Structures are given as C-alpha cells and as structure tokens.
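Printed here is data14.csv (CSV, C-alpha atoms):
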```csv
chain,number,residue,atom,x,y,z
C,173,MET,CA,0.0,0.0,0.0
C,174,ARG,CA,1.3,3.4,-0.9
C,175,CYS,CA,0.2,6.7,0.7
C,176,ALA,CA,1.2,10.2,-0.4
C,177,LEU,CA,1.9,12.8,2.2
C,178,PRO,CA,1.5,16.4,1.2
C,179,GLU,CA,2.9,19.5,3.0
C,180,PHE,CA,2.5,18.9,6.7
C,181,HIS,CA,1.8,22.1,8.7
C,182,HIS,CA,1.2,22.8,12.4
C,183,ASP,CA,-2.5,23.7,11.8
C,184,GLN,CA,-5.9,22.4,11.1
C,185,SER,CA,-5.0,21.4,7.6
C,186,GLY,CA,-2.0,19.4,8.9
C,187,PHE,CA,-4.3,17.5,11.3
C,188,ALA,CA,-6.8,16.9,8.5
C,189,THR,CA,-3.9,15.3,6.5
C,190,LEU,CA,-3.0,13.2,9.6
C,191,VAL,CA,-6.5,11.8,10.2
C,192,ARG,CA,-6.9,11.0,6.5
C,193,LEU,CA,-3.7,8.9,6.8
C,194,ALA,CA,-5.1,7.2,9.9
C,195,ALA,CA,-8.4,6.4,8.2
C,196,GLU,CA,-6.7,5.1,5.0
C,197,THR,CA,-4.5,2.7,7.0
C,198,GLU,CA,-6.8,1.8,9.9
C,199,GLU,CA,-7.6,-1.7,8.6
C,200,CYS,CA,-4.0,-2.6,7.5
C,201,LEU,CA,-2.6,-5.8,8.9
C,202,PHE,CA,0.5,-7.6,7.7
C,203,GLU,CA,1.0,-5.1,4.9
C,204,ASN,CA,3.9,-3.3,3.4
C,205,ILE,CA,3.0,0.4,3.7
C,206,GLU,CA,5.0,3.1,1.9
C,207,ILE,CA,4.6,6.7,2.9
C,208,ASP,CA,5.7,8.7,-0.2
C,209,MET,CA,6.9,12.1,0.8
C,210,HIS,CA,8.1,13.5,-2.5
C,211,ALA,CA,5.4,16.2,-2.3
C,212,THR,CA,6.1,17.0,1.3
C,213,ARG,CA,7.7,20.4,0.8
C,214,TRP,CA,7.2,21.4,4.4
C,215,PHE,CA,7.0,19.5,7.6
C,216,ASP,CA,6.5,21.2,11.0
C,217,ALA,CA,8.7,18.9,13.0
C,218,ASP,CA,6.7,19.0,16.2
C,219,MET,CA,4.0,17.1,14.3
C,220,CYS,CA,6.3,14.0,14.5
C,221,ALA,CA,4.5,13.2,17.8
C,222,ALA,CA,1.1,12.6,16.2
C,223,PHE,CA,2.6,11.3,12.9
C,224,GLY,CA,4.9,8.9,14.9
C,225,ALA,CA,1.9,7.7,17.0
C,226,ILE,CA,0.0,6.6,13.8
C,227,LEU,CA,3.1,4.9,12.3
C,228,TYR,CA,3.8,3.1,15.6
C,229,ARG,CA,0.2,1.8,15.7
C,230,LEU,CA,0.7,0.5,12.2
C,231,GLY,CA,3.9,-1.3,13.3
C,232,LYS,CA,2.1,-2.9,16.3
C,233,ASN,CA,-0.5,-4.2,13.8
C,234,LEU,CA,2.4,-6.1,12.2
C,235,ASN,CA,2.7,-3.8,9.2
C,236,THR,CA,6.1,-2.8,7.7
C,237,VAL,CA,6.3,1.0,7.3
C,238,ARG,CA,8.7,2.7,5.0
C,239,LEU,CA,9.2,6.4,4.4
C,240,LYS,CA,10.1,7.1,0.8
C,241,ASN,CA,11.4,10.1,-1.2
C,242,ILE,CA,11.9,12.4,1.7
C,243,PRO,CA,13.2,15.8,0.5
C,244,SER,CA,16.7,16.3,1.8
C,245,ARG,CA,15.9,19.4,3.9
C,246,ILE,CA,13.1,17.6,5.7
C,247,ALA,CA,15.2,14.5,6.1
C,248,THR,CA,17.9,16.6,7.8
C,249,ILE,CA,15.4,18.0,10.3
C,250,LEU,CA,13.8,14.6,11.0
C,251,SER,CA,17.2,13.1,11.5
C,252,LYS,CA,18.3,15.8,13.9
C,253,ASN,CA,15.3,15.2,16.2
C,254,GLY,CA,15.7,11.5,16.1
C,255,PHE,CA,12.5,10.6,14.3
C,256,LEU,CA,14.1,9.0,11.3
C,257,SER,CA,16.3,6.8,13.5
C,258,HIS,CA,13.2,4.7,14.0
C,259,TYR,CA,13.0,4.2,10.2
C,260,GLY,CA,16.5,3.1,9.3
C,261,GLN,CA,18.4,6.4,9.1
C,262,GLU,CA,21.2,7.7,11.3
C,263,ARG,CA,20.7,10.5,13.7
C,264,ILE,CA,22.4,13.8,12.9
C,265,PRO,CA,23.7,16.0,15.7
C,266,ASP,CA,21.7,19.2,16.3
C,267,ARG,CA,24.4,21.7,16.6
C,268,TRP,CA,22.0,24.7,16.7
C,269,GLY,CA,19.9,23.2,19.5
C,270,THR,CA,16.6,23.9,17.7
C,271,THR,CA,15.0,20.5,18.1
C,272,ILE,CA,13.1,19.0,21.0
C,273,PRO,CA,13.8,15.3,20.4
C,274,TYR,CA,11.1,12.9,19.3
C,275,HIS,CA,10.5,10.4,22.1
C,276,ARG,CA,8.0,7.6,22.9
C,277,PHE,CA,7.3,7.0,26.6
C,278,ASP,CA,5.7,3.9,28.1
C,279,VAL,CA,2.7,4.7,30.5
C,280,LYS,CA,5.0,3.9,33.5
C,281,ASP,CA,7.7,6.3,32.4
C,282,ASP,CA,6.4,9.3,34.3
C,283,ARG,CA,9.8,10.1,35.9
C,284,TYR,CA,11.5,10.0,32.5
C,285,PHE,CA,8.8,12.2,31.0
C,286,ALA,CA,9.3,14.7,33.9
C,287,GLY,CA,13.0,14.8,33.2
C,288,TYR,CA,12.4,15.2,29.5
C,289,ILE,CA,10.1,18.2,30.1
C,290,GLU,CA,12.5,19.7,32.6
C,291,LYS,CA,15.5,19.5,30.2
C,292,GLU,CA,13.9,20.0,26.8
C,293,LEU,CA,11.1,22.5,27.5
C,294,ILE,CA,11.1,24.3,30.9
C,295,HIS,CA,14.7,25.4,30.9
C,296,ARG,CA,14.8,26.5,27.3
C,297,THR,CA,16.1,30.1,27.1
C,298,GLU,CA,13.4,30.7,24.4
C,299,VAL,CA,10.6,30.2,26.9
C,300,PRO,CA,9.5,33.5,28.4
C,301,SER,CA,10.6,34.3,31.9
C,302,MET,CA,8.5,32.9,34.7
C,303,THR,CA,8.8,33.0,38.5
C,304,LEU,CA,9.5,29.8,40.3
C,305,GLY,CA,5.9,29.5,41.3
C,306,LEU,CA,4.5,29.8,37.8
C,307,SER,CA,7.3,27.7,36.4
C,308,LYS,CA,6.2,24.9,38.8
C,309,LYS,CA,2.6,25.3,37.7
C,310,PHE,CA,3.5,25.3,34.0
C,311,ARG,CA,5.5,22.1,34.5
C,312,GLU,CA,2.6,20.5,36.3
C,313,SER,CA,0.2,21.5,33.5
C,314,ILE,CA,2.4,19.8,30.9
C,315,PHE,CA,2.7,16.8,33.2
C,316,GLU,CA,-1.0,16.7,33.6
C,317,ILE,CA,-1.3,16.1,29.8
C,318,PHE,CA,0.9,13.0,30.3
C,319,SER,CA,-1.1,11.9,33.4
C,320,ASN,CA,-4.4,12.3,31.5
C,321,ALA,CA,-3.1,10.1,28.7
C,322,VAL,CA,-2.1,7.4,31.3
C,323,LEU,CA,-5.2,7.6,33.5
C,324,HIS,CA,-8.0,8.5,31.2
C,325,SER,CA,-7.1,7.5,27.7
C,326,HIS,CA,-6.4,3.9,28.6
C,327,THR,CA,-3.6,3.8,26.1
C,328,GLU,CA,-1.4,0.7,25.9
C,329,LEU,CA,0.8,2.0,23.2
C,330,GLY,CA,2.5,4.9,25.0
C,331,ILE,CA,2.8,8.6,24.8
C,332,PHE,CA,4.6,10.4,22.0
C,333,CYS,CA,6.4,13.8,22.2
C,334,CYS,CA,8.3,16.1,19.9
C,335,GLY,CA,9.0,19.8,19.5
C,336,GLN,CA,10.8,22.3,17.3
C,337,ILE,CA,12.1,25.9,17.7
C,338,PHE,CA,11.7,28.2,14.7
C,339,PRO,CA,14.0,31.2,15.5
C,340,LYS,CA,13.1,33.3,12.5
C,341,ARG,CA,9.3,32.8,13.1
C,342,HIS,CA,9.8,33.3,16.9
C,343,ARG,CA,8.0,30.1,17.7
C,344,LEU,CA,8.5,27.1,20.0
C,345,ASP,CA,6.1,24.3,19.1
C,346,PHE,CA,5.6,21.2,21.3
C,347,SER,CA,3.3,18.3,20.9
C,348,VAL,CA,2.1,15.4,23.1
C,349,ALA,CA,0.1,12.5,21.5
C,350,ASP,CA,-1.5,9.3,22.8
C,351,LEU,CA,-3.4,6.4,21.2
C,352,GLY,CA,-6.2,6.1,23.8
C,353,ILE,CA,-9.9,6.4,23.8
C,354,GLY,CA,-10.1,10.1,23.3
C,355,MET,CA,-11.8,12.9,25.3
C,356,ARG,CA,-15.3,12.3,24.0
C,357,ARG,CA,-15.4,8.6,25.2
C,358,ASN,CA,-13.7,9.4,28.4
C,359,ILE,CA,-16.2,12.1,29.3
C,360,GLN,CA,-19.1,9.9,28.3
C,361,GLN,CA,-17.9,7.0,30.4
C,362,ASN,CA,-17.1,9.1,33.5
C,363,THR,CA,-19.9,11.7,33.5
C,364,GLY,CA,-22.6,10.4,31.2
C,365,LEU,CA,-22.4,13.5,29.0
C,366,GLU,CA,-23.0,12.9,25.3
C,367,LEU,CA,-20.9,15.5,23.5
C,368,SER,CA,-19.6,15.9,20.0
C,369,PRO,CA,-15.8,15.4,19.7
C,370,ALA,CA,-15.2,19.1,19.3
C,371,ALA,CA,-17.6,20.0,22.2
C,372,ALA,CA,-15.8,17.4,24.4
C,373,ILE,CA,-12.5,19.1,23.9
C,374,GLU,CA,-14.1,22.5,24.8
C,375,TRP,CA,-15.6,20.9,27.9
C,376,ALA,CA,-12.2,19.5,28.9
C,377,THR,CA,-10.4,22.9,28.7
C,378,GLN,CA,-12.7,24.5,31.3
C,379,GLY,CA,-11.0,24.6,34.6
C,380,GLN,CA,-14.0,23.5,36.6
C,381,ASN,CA,-14.6,20.4,34.5
C,382,THR,CA,-12.8,17.1,35.2
C,383,THR,CA,-13.4,13.4,35.0
C,384,LYS,CA,-11.1,12.6,37.9
C,385,ARG,CA,-12.8,11.0,40.9
C,386,GLY,CA,-12.5,11.8,44.6
C,387,SER,CA,-10.4,14.6,46.1
C,388,VAL,CA,-7.8,14.6,43.4
C,389,PRO,CA,-8.0,18.0,41.5
C,390,GLY,CA,-8.1,18.0,37.8
C,391,GLY,CA,-8.9,20.0,34.7
C,392,LEU,CA,-6.6,22.9,35.6
C,393,GLY,CA,-3.7,22.1,33.4
C,394,LEU,CA,-5.3,23.0,30.0
C,395,LYS,CA,-6.9,26.0,31.6
C,396,LEU,CA,-3.6,27.4,32.9
C,397,LEU,CA,-1.9,26.7,29.5
C,398,SER,CA,-4.7,28.4,27.7
C,399,GLU,CA,-4.4,31.5,29.9
C,400,PHE,CA,-0.7,31.7,29.5
C,401,ILE,CA,-1.0,31.3,25.7
C,402,ASP,CA,-3.5,34.2,25.6
C,403,LEU,CA,-1.0,36.5,27.3
C,404,ASN,CA,2.0,35.2,25.4
C,405,GLY,CA,0.5,35.5,22.0
C,406,GLY,CA,0.9,31.8,21.0
C,407,CYS,CA,-1.7,29.2,20.6
C,408,ILE,CA,-2.9,25.8,21.8
C,409,GLN,CA,-4.4,23.1,19.5
C,410,ILE,CA,-6.1,19.9,20.6
C,411,VAL,CA,-7.3,17.1,18.4
C,412,SER,CA,-9.2,14.2,19.8
C,413,ASP,CA,-11.5,11.7,18.0
C,414,ALA,CA,-13.0,13.7,15.1
C,415,GLY,CA,-12.7,17.1,16.9
C,416,TYR,CA,-10.3,20.0,16.3
C,417,TRP,CA,-10.0,22.8,18.9
C,418,ARG,CA,-7.7,25.9,18.7
C,419,ARG,CA,-7.2,28.8,21.1
C,420,GLY,CA,-5.2,31.7,19.9
C,421,GLN,CA,-5.4,35.5,19.7
C,422,MET,CA,-8.0,35.4,22.4
C,423,GLU,CA,-10.3,33.4,20.1
C,424,THR,CA,-11.5,29.8,20.2
C,425,VAL,CA,-12.3,27.6,17.2
C,426,ALA,CA,-13.9,24.2,17.6
C,427,VAL,CA,-14.8,22.2,14.5
C,428,PRO,CA,-15.3,18.6,13.3
C,429,LEU,CA,-12.7,16.7,11.3
C,430,SER,CA,-13.5,14.4,8.4
C,431,HIS,CA,-12.0,11.4,10.2
C,432,PRO,CA,-11.1,10.6,13.8
C,433,PHE,CA,-7.6,10.7,15.2
C,434,PRO,CA,-7.1,7.4,17.2
C,435,GLY,CA,-6.4,9.2,20.5
C,436,THR,CA,-5.6,12.8,21.5
C,437,VAL,CA,-3.0,15.3,20.5
C,438,VAL,CA,-2.2,18.5,22.5
C,439,ASN,CA,-0.1,21.0,20.6
C,440,ILE,CA,1.4,24.1,22.2
C,441,GLU,CA,2.9,27.0,20.3
C,442,ILE,CA,4.9,29.6,22.4
C,443,ASN,CA,5.7,33.0,21.1
C,444,THR,CA,9.4,33.2,21.8
C,445,ALA,CA,9.6,37.0,21.0
C,446,ASP,CA,7.6,37.6,24.2
C,447,THR,CA,9.8,39.6,26.6
C,448,ASN,CA,7.3,39.8,29.4
C,449,SER,CA,7.9,38.1,32.8
C,450,TYR,CA,5.1,36.0,34.2
C,451,ARG,CA,4.0,35.2,37.7
C,452,LEU,CA,1.0,33.8,39.6
C,453,THR,CA,-1.5,36.2,41.1
C,454,SER,CA,-0.6,34.8,44.5
C,455,GLU,CA,3.0,35.8,44.2
C,456,LEU,CA,2.6,39.6,44.0
C,457,SER,CA,-0.2,42.1,44.0
C,458,THR,CA,-1.7,44.3,41.3
C,459,ALA,CA,1.0,43.8,38.7
C,460,ASP,CA,0.6,40.1,38.5
C,461,ILE,CA,0.0,38.3,35.3
C,462,PHE,CA,-1.8,35.2,36.7
```
Give the structure from the file, written as structure tokens.
Amino acid sequence: MRCALPEFHHDQSGFATLVRLAAETEECLFENIEIDMHATRWFDADMCAAFGAILYRLGKNLNTVRLKNIPSRIATILSKNGFLSHYGQERIPDRWGTTIPYHRFDVKDDRYFAGYIEKELIHRTEVPSMTLGLSKKFRESIFEIFSNAVLHSHTELGIFCCGQIFPKRHRLDFSVADLGIGMRRNIQQNTGLELSPAAAIEWATQGQNTTKRGSVPGGLGLKLLSEFIDLNGGCIQIVSDAGYWRRGQMETVAVPLSHPFPGTVVNIEINTADTNSYRLTSELSTADIF
C-alpha cells in the first residue's frame, strides 16, 4: 500500500492530513506500507509526535512501514530530532539546538517524562521568563497532559512527544500525543455526558470540569496553559477523536474533522519573541499576570 503525504503544517490542515492517513491505513494488517513524501515540501517537526503515533500503531499491527522520497531538507530536520532513526536512518547532531527530540514514553515512564520536560522545555532560554511558582505550575500543567493520557485515555501504546524551535518565526512548538480512547469517550464513560468530539475538547479545557474521581484535583492544566498562551500570543491546539480545537489571539475555534484521530494530541505554540515576565497572582499584588 502506498500513501502520499502532502505538505504537513502545524495547523488544522495538517491535522486533517493526519486523520486521513489514519483512516486510510486503519484496517491494514501484515501489509507493506510506503509513505511517499516527494510532495512534502514542508514538515512542521513537532507534528512528529502525532505522525509517529500513527506509524507506531501500524507497526504494532504487524505492518512494515517505510518512508520514501523524503526531501533532503526535511530528512535533515527529522534526523536531527531522532524521528528517522526509527526508520533506518542515522541521527544527525543538532548543533544549533533547535529540536526537542522525538520520544515515545511507556505509560509507566512518568519520571522519565518529567525529566524530559524539565530538560527539553522548561529550561529553554526561548521560553518567556517565569517566577519559580509559575514555572512549577507550568511544569505541572504539561505533566497533567501525560497523566491524563495514562489515567483516562487507557492507552497501551505509550505517549509520543516532539518539538521544534523556529528562530526566524519566533515560535516554539511542542506536541504530546497518545493512542487512547479520546476525550469524548472518556467524558461519556465518567460523566454520562454525550458530546460531539469538538464539544468534548471544549468541555475538557474548562478549569471546573474534570473526569477525575475523589479529592484529586483535575482540569486545571489545560486552563492554565490556555491562559498563558492568551497572554503570550501563542496558541494551543487539541485534536481528539474527530474534533479539532484551537485557542489563539483570544479566540477559540472548535470544528469537526473528516475522520477521527485514534487518540488525543495536545499541541502548544509559544511566542518566543515575548519579553514579558510572568508570575502567579498569589506571588505579588496588582502587577501580577496570573
């Protein structure tokens, strides 16, 4: 089976491409699958998380996946972040330090994920200045995405992460993907609410909403990230099931996709040109950001 991959952007069209690929290959078993990338003139490297999740699922279904005709510029990027080392190509040193490496974590790898986030994201000089208190909350919000994938998605295939820094565009993009049941099914199973995929994402981003049981707090991670992104001038995108949700420039878009993604992707874009310093409202008085 041969699938052609067009340009692959960090936006709604890129996720539409991704879910089409997932739908085209969903029933594949014991097949040789070639992903032809001759027309892939652009590839936002943080999308390796979601792309890699789909390819990993194909491999677990005993298919053989090959990436063909990769343009040299894209092959260089995907070799620097380690993605292509999973498909027979050697890793290239990232001398400029603009990649956040592609990595798959098992569901029990919470300590390794925490270390990865600390090293590869929190302490990046490109991330706007934060007080220790906010930095801790920011870290916890990213970790909550991992925890949700473990606790609520019921994934058995792991969690996939990748990121990329674009110095000329003043962007740091970071993605976390899982191959679980998705937000809509999780909300339905735990609350009884019947929501569309897009509405389920919207529900999950509200701070007062959570599917966690007992006294354990939940639902605050995506809310804090959304609030930070509003102030920073970046954006946050979430794809789960057949729903796409985006928050950027103080506006929210929630629309259906033509096909479902087999899990959930959370994609964060940070504006690295932001020179503000951020803190929690509890840390100072009237000049506080949060």
- Item | Which residue of C:Ile442, C:Ala222, C:Ile205, C:Val437 approaches Asn235 (chain C) most closely, using all atoms listed in the file |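 Distance minimum relative to Asn235 (chain C) lands on C:Ile205.
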- Which one of C:Asn320, C:Asn443, C:Thr212, C:Asn253 sits closest to Cys333 (chain C) if you count all atoms listed in the file?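 Ranking C:Asn320, C:Asn443, C:Thr212, C:Asn253 by distance to Cys333 (chain C), first place goes to C:Asn253.
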- Task: Give as a list of chain:residue names every residue, naming chains and numbers as the document does, that has an atom within 12 Å of (6.2, 4.1, 28.6), counting only C-alpha atoms.
- Result: C:His275, C:Arg276, C:Phe277, C:Asp278, C:Val279, C:Lys280, C:Asp281, C:Asp282, C:Arg283, C:Tyr284, C:Phe285, C:Phe318, C:Ser319, C:Ala321, C:Val322, C:Thr327, C:Glu328, C:Leu329, C:Gly330, C:Ile331, C:Phe332, C:Cys333, C:Asp350
- Message: So, with all atoms listed in the file as the atoms that count, which of C:His326, C:Arg192, C:His258, C:Lys252 lies closest to Gly224 (chain C)?
- Response: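 Closest residue, counting all atoms listed in the file: C:His258.
Distance check against Gln378 (chain C) using all atoms listed in the file: of C:Ile207, C:Leu365, C:Met302, C:Leu394, the minimum falls on C:Leu394.
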- Message: I want to know what sits within 7 Å of Ile242 (chain C), based on all atoms listed in the file, with residues of the same chain fewer than 3 positions away left out; could you give that as a PyMOL selection string?
- Response: chain C and resi 209-210+246-247
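Of note, CA of Gly406 (chain C) and CA of Arg341 (chain C) are spaced 11.6 Å apart.
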- Item | Separation of CA of Gly415 (chain C) from CA of Cys175 (chain C) in Å |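 The value is 23.2 Å.
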Non-local contacts of Pro273 (chain C) (10 Å; only C-alpha atoms; under 3 positions in same chain excluded) as a PDB file with C-alpha atoms, in the coordinates of the input:
```pdb
ATOM      1  CA  ALA C 217       8.700  18.900  13.000  1.00  0.00           C
ATOM      2  CA  ASP C 218       6.700  19.000  16.200  1.00  0.00           C
ATOM      3  CA  CYS C 220       6.300  14.000  14.500  1.00  0.00           C
ATOM      4  CA  ALA C 221       4.500  13.200  17.800  1.00  0.00           C
ATOM      5  CA  LEU C 250      13.800  14.600  11.000  1.00  0.00           C
ATOM      6  CA  SER C 251      17.200  13.100  11.500  1.00  0.00           C
ATOM      7  CA  LYS C 252      18.300  15.800  13.900  1.00  0.00           C
ATOM      8  CA  ASN C 253      15.300  15.200  16.200  1.00  0.00           C
ATOM      9  CA  GLY C 254      15.700  11.500  16.100  1.00  0.00           C
ATOM     10  CA  PHE C 255      12.500  10.600  14.300  1.00  0.00           C
ATOM     11  CA  ASP C 266      21.700  19.200  16.300  1.00  0.00           C
ATOM     12  CA  THR C 270      16.600  23.900  17.700  1.00  0.00           C
ATOM     13  CA  ARG C 276       8.000   7.600  22.900  1.00  0.00           C
ATOM     14  CA  TYR C 288      12.400  15.200  29.500  1.00  0.00           C
ATOM     15  CA  GLU C 292      13.900  20.000  26.800  1.00  0.00           C
ATOM     16  CA  CYS C 333       6.400  13.800  22.200  1.00  0.00           C
ATOM     17  CA  CYS C 334       8.300  16.100  19.900  1.00  0.00           C
ATOM     18  CA  GLY C 335       9.000  19.800  19.500  1.00  0.00           C
ATOM     19  CA  GLN C 336      10.800  22.300  17.300  1.00  0.00           C
TER      20      GLN C 336
END
```
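Nearest residue to Ile440 (chain C), choosing from C:Leu227, C:Leu367, C:Leu344, C:Val299 and counting all atoms listed in the file: C:Leu344.
Interatomic distance, CA of Asn439 (chain C) to CA of Arg343 (chain C): 12.5 Å.
Minimum distance to Pro243 (chain C) across C:Thr271, C:Trp214, C:Glu290, C:His295 (counting all atoms listed in the file) occurs at C:Trp214.
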- Item | 10 Å contact set for Gly354 (chain C), all atoms listed in the file, chain neighbours under 5 positions out, as number ranges by chain | C: 321, 324-327, 359, 369, 372-373, 411-415, 432-437
- Item | For Gly260 (chain C): contacts at 10 Å, all atoms listed in the file, fewer than 3 positions along chain excluded, given as a PyMOL selection string | chain C and resi 238-239+255-257+263
- Residues within 10 Å of (0.9, 28.8, 12.4), file coords, only C-alpha atoms, listed as a PyMOL selection string: chain C and resi 181-184+216+341+343+345+406-407+441
